[in-house]
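Peer 1: Questions regarding the structure given below will be posed in turn.
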Amino acid sequence: MASDHMRRLHSHYYGARPLSSLLLAATLVAACTRVAAEPQPGDATRGKQLFESQACGACHTVTGLPGADGQIGPNLTHIGAEAAARMPGQDAETYLRTALLFPNAFVVEGYPPNVMPLDYGQTLTRQQQRDLIAFLLSLR
């Protein structure tokens with residue numbers, strides 16, 4: 001009889017606690033877990049400012065953009081319209097993202113490789129990358 005009583009007491013105090021503790025822990029973890037925010041779309045105005053502040057125009061030409069008259073890299077005046085045709089099977093945004101993050105992946109004929117900085121994936125935030133790409137896509 002005593003062992004039956006002890007078993008019920010043990011079950012009452014120790015059997016229910018792990019379940020309630022587990023539920024409490026799961027609730028706390030769920031409440032504290034940050035839901036990944038939707039990435040913001042690129043902003044062409046901020047991208048233009050970034051293009052200027054990073055001195056991209058020292059190497060690239062963008063007709064009509066003061067200071068963007070470089071001859072070292074390809075002319076980007078109409079890159080938003082031309083990018084989709086540069087690599088068959090890739091849309092313009094994918095091409096530009098790859099060209100930005102891995103500059104030697106697509107070296108435009110007539111231009112040398114290994115000139116554009118290779119670290120934009122580390123030095124620019126993902127939002128800055130989206131902004132810069134939005135600006136480049138706007139160049140038509």
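Letters for chains follow the order of the structure tokens (A, B, ...), residue numbers begin at 1 for each chain, and ligand numbers begin at 1 in the order shown.
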What's around region 91-101 of chain A at 7 Å? Count only C-alpha atoms, leave out sequence neighbours fewer than 4 positions away in its own chain, and write the answer as a ChimeraX atom specification.

Peer 2: /A:80,83-84,105-106,118,120-121,133

Peer 1: So that I can check the surroundings of Gln40 (chain A), please list as a list in words every protein, DNA and RNA residue that reaches within 10 Å of it, counting only C-alpha atoms and ignoring chain neighbours fewer than 2 positions away.

Peer 2: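 My list of contacting residues is Ala37, Glu38, Gly42, Asp43, Arg126, Gln127, Arg130 and Asp131 of chain A.
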
Peer 1: May I have the selected residues written with N, CA and C atoms, as a PDB file, in the first residue's frame?

Peer 2:
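Just written: again.pdb:
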ATOM      1  N   ALA A  37      13.274  38.467 -40.979  1.00  0.00           N
ATOM      2  CA  ALA A  37      12.521  39.505 -41.667  1.00  0.00           C
ATOM      3  C   ALA A  37      12.657  39.318 -43.170  1.00  0.00           C
ATOM      4  N   GLU A  38      11.600  39.658 -43.856  1.00  0.00           N
ATOM      5  CA  GLU A  38      11.645  39.636 -45.307  1.00  0.00           C
ATOM      6  C   GLU A  38      12.692  40.631 -45.770  1.00  0.00           C
ATOM      7  N   GLY A  42      15.668  46.247 -53.188  1.00  0.00           N
ATOM      8  CA  GLY A  42      16.715  47.233 -53.415  1.00  0.00           C
ATOM      9  C   GLY A  42      16.128  48.599 -53.715  1.00  0.00           C
ATOM     10  N   ASP A  43      16.835  49.623 -53.305  1.00  0.00           N
ATOM     11  CA  ASP A  43      16.423  51.006 -53.532  1.00  0.00           C
ATOM     12  C   ASP A  43      17.443  51.654 -54.466  1.00  0.00           C
ATOM     13  N   ARG A 126      24.011  42.961 -47.293  1.00  0.00           N
ATOM     14  CA  ARG A 126      23.099  42.418 -48.312  1.00  0.00           C
ATOM     15  C   ARG A 126      22.144  43.490 -48.811  1.00  0.00           C
ATOM     16  N   GLN A 127      21.724  44.380 -47.905  1.00  0.00           N
ATOM     17  CA  GLN A 127      20.845  45.468 -48.334  1.00  0.00           C
ATOM     18  C   GLN A 127      21.579  46.400 -49.293  1.00  0.00           C
ATOM     19  N   ARG A 130      21.668  44.783 -52.638  1.00  0.00           N
ATOM     20  CA  ARG A 130      20.374  44.900 -53.327  1.00  0.00           C
ATOM     21  C   ARG A 130      20.171  46.313 -53.858  1.00  0.00           C
ATOM     22  N   ASP A 131      20.572  47.319 -53.067  1.00  0.00           N
ATOM     23  CA  ASP A 131      20.423  48.714 -53.493  1.00  0.00           C
ATOM     24  C   ASP A 131      21.279  49.002 -54.722  1.00  0.00           C
TER      25      ASP A 131
END

Peer 1: Using only C-alpha atoms, can you tell me which of A:Leu139, A:Glu82, A:Pro113, A:Gln49 comes closest to Thr61 (chain A)?

Peer 2: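 Among A:Leu139, A:Glu82, A:Pro113, A:Gln49, it is A:Leu139 that comes nearest to Thr61 (chain A).
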
Peer 1: Applying 12 Å and only C-alpha atoms, which residues near Phe51 (chain A) remain after dropping the ones on its own chain fewer than 4 positions away? List them as a list in words.

Peer 2: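 Everything that qualifies: Ala44, Thr45, Arg46, Gly47, Ala55, Cys56, Gly57, Ala58, Cys59, His60, Thr61, Val62, Leu65, Pro66, Gly67, Ala68, Leu76, Leu100, Leu124, Gln128, Gln129, Asp131, Leu132, Ile133, Ala134, Phe135 and Leu136 of chain A.
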
Peer 1: Go ahead and compute the interatomic distance for CA of Asn114 (chain A) and CA of Phe102 (chain A), in Å to one decimal.

Peer 2: 10.2 Å
